[in-house]
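Quick notes on the structure that follows.
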Amino acid sequence: MSARLGSLFLKWIFAKGKLQLTPSQVRALLLTAAFVLFPFVFYLSWYITPLLLLFVAWRYFLEVRQTALPSFYTKLALLIIVISIILLDQGTLLGRDAGTSFLMGLLGIKLLELRTSRDFTVVCLLSFFMVAGALLFSQSIFMVGYLLVAIVLIFAALARLHSTSSDHGECFSSWQFSSRIFLQSLPLAILIFLCFPRFQARWAFQLRPATTGLSDFMQPGDIAHLATDERVAFRVDFPEEGKPSGALYWRGLVFWNTDGREWHVGARHLSQQKLVPKEASVLQKITLMPHSQKWMFALDYPMASPPGTSIFWGNVIESRTIIFRKMQYSVRSSIGAHPQDMSEDIKKKSLQLPKQLSPRIVQLVTAWQARAKSPHDIIRSALNYFHDGGFLYTLNPGRYDNLDPYGDFLFNRKRGFCEHFAGSFALMMRIAGIPSRLVAGYMGGEYNPYGHFLTVRQANAHVWTEVWISNEGWVRVDPTGSLSLDQIEQSVQNLLNASGAASGGEDTRDAGASGILAHRFVRIMHLWRELVEDRWDRWVLGYDMQVQEDFFKSLGIGSFAWLVIFATFGGVLFFTLLGVAWWLKRRSKSADPLEGMYRSFCRRLSAAGVERSLWEGPVDFAQRAAQSLPSDAREIKKIGILYAELRYGPSHHTHRMAEFQSQLRAFRPKERSHEI
């Protein structure tokens, strides 16, 4: 019996799927599919999204020309082509890019066999999957806004599926209906987002590694390629004050070991050095972008590690887990603080030299030592060598000798970026017996006066040197600061000018009045966009357990307990659903005024002793009621006929509705007399 019922159910489902689509329904779905696929142009390989959009255009052409759809073998060949292209490019069908491309291929091929309502529904479901897949590539507020419009379009297409009208008014009605459903569900979605308990995950996964561009090893040329990278590395708020004055050096990695070509972080050891503050401390609240590594960033020098992190040699902060998603943390730093004690292990690491040294570098440093009376004299000699030696600070330093890159830089080419100057300077200090280390991180940032936060981009990546001086501790020395403006290549000058304008300065020397106004307008729009993105990152993408706890505390819930949260969430949800049910019930009663008036007519007849049967139509019921109430027969028949015309006639007429209302108001039936 159950098998027979299941068979009948499947037959009913397949019968429903055989409904043919109208041209307007097909066009609405093709528009929706193109809208859903468009964002992937910016994230997937250059060929896959245009290929799928070509499938959409092909299906539209077939619909306009009323041409036969591709055969089964054509679609099979297209599927094989799509899979082959993905395998050649990605080497797999798994993972974010390959899996999304394969799903897009299935969607495009399904459009080429779009005939029935079942095909229509499958395409809509695949479109929902594509909307979710787009969030794997970007979760910015602009992407989310675009995808919300895509969801409304998909629902509008589904609403269009149940309409056979082809006029533009029906299309607008479907869009209006979908938008209304979306807006009605939005308050409940916001409520669930705010109140549903957030749990701190002990694990995370990343379908495609994200990188900051900074690695745990460095060689000349590794930082220069980041100079034009405008991706955001992190954003910083200063809760206690505005932007600190002076140069901002954001500490991230410390390189100890070198083989004369590369610098490496080496083994990590927990720091036990005590800081000696020299200036007031600065509190920073940092939103760090995911980079698939453990290191974090803070101003020199972090005084304590945030929860879930540790401070290692060189006063760098590292997370105990790999950072796969945006992370928010607070850290207090003392700008100008110096660790003034040095263990033997640290001294040994900071004096380590490669096995093979360039004789020319050794000879140069030995000459400085012969004239020097203190470490400061050697440092000054090295900086003067960069200043007076014909060096050029450039984004395109070219390729250097792999066996002796720093010797080639110091004596031959003399063209480099920050890592060339800092790496060669640290090597020369070690040859002179001065402990030194390289520090990699970021310098400066773009201050937003509207949101009072700082945006640090990959273009702000920088490398500098720290040297150990007795009675002073570790002292920062940035060799690039010794260069004059004449030693900076024009491309770097342009980059610095752009950075200066972004940070508050304006370079409008060659612009007229209109150019200055346009520049300021673009500048203001840029800052407001940054502000919106920062608030989105902080309050939506960064809405974790801690932020949720702070939110509930601001509402007066002092002790944050999951029982309280569940009770609050459940209670609000219950009363919300109860209110929605009451509203829907009331709306169903008042949605059709004509039906409400006819029910009132039936209730009056019921009070007079004439009950309407469920199967009776208005005319038949009026005739039976007229026979039972002969004194009111004329009014009853007229009201029944008027209602039938208004309900089932070709169109509504205002004067007939007014006549129906007038007849109904005057109708007062006498009670039915009972026969003995």
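Naming scheme: A, B, ... for chains in displayed order of the structure tokens; residues 1 onward per chain; ligands 1 onward as shown.
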Contact residues around stretch 301-307 of chain A with only C-alpha atoms at 7 Å, ignoring same-chain residues under 5 positions, as a PyMOL selection string: chain A and resi 315+317+329-335+337
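With only C-alpha atoms as the atoms that count, the minimum distance from A:Leu69 to the choices A:Thr22, A:Val131, A:Glu113, A:Phe601 is reached by A:Glu113.
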Would you list the contacts of A:Arg235 as a list in words, taking every protein, DNA or RNA residue within 10 Å and counting only C-alpha atoms, but skipping same-chain residues closer than 3 positions in sequence? Val232, Gln284, Lys285, Ile286, Thr287, Leu288, Met289, Gln328, Gly445, Glu446, Tyr447, Phe453, Leu454, Thr455, Val456, Arg457, Glu530, Asp534, Asp537 and Arg538 of chain A
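Comparing A:Ala459, A:Leu93, A:Val152, A:Ile83 by their smallest distance to A:Arg231, the closest is A:Ala459 (using only C-alpha atoms).
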Quick check, in Å to one decimal: how far apart do atom CA of A:Leu438 and atom CA of A:Phe255 lie?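 Result for atom CA of A:Leu438 versus atom CA of A:Phe255: 5.0 Å, one decimal.
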Top pick for closest residue to A:Ala440, considering A:Gln219, A:Gln66, A:Gln623, A:Ser24 and counting only C-alpha atoms: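 For A:Ala440, the nearest of the candidates is A:Gln219.
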Just the residues within 12 Å of A:Ile361, please, counting only C-alpha atoms, with nothing from its chain fewer than 5 positions along; format it as an MDAnalysis selection string. chainID A and resid 260 356 366:368 382 404:411 424:432
Report, in Å with one decimal, the straight-line distance from atom CA of A:Glu472 to atom CA of A:Asp341. 9.7 Å
Which residues come within 9 Å of A:Ala34, counting only C-alpha atoms, excluding same-chain residues fewer than 4 positions away, as an MDAnalysis selection string? chainID A and resid 29:30 38 52:53 56:57
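Atom CA of A:Gly145 is positioned 24.6 Å from atom CA of A:Phe120.
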Residues of stretch 357-545 of chain A in strand (DSSP E or B), written as a count of residues only: 35
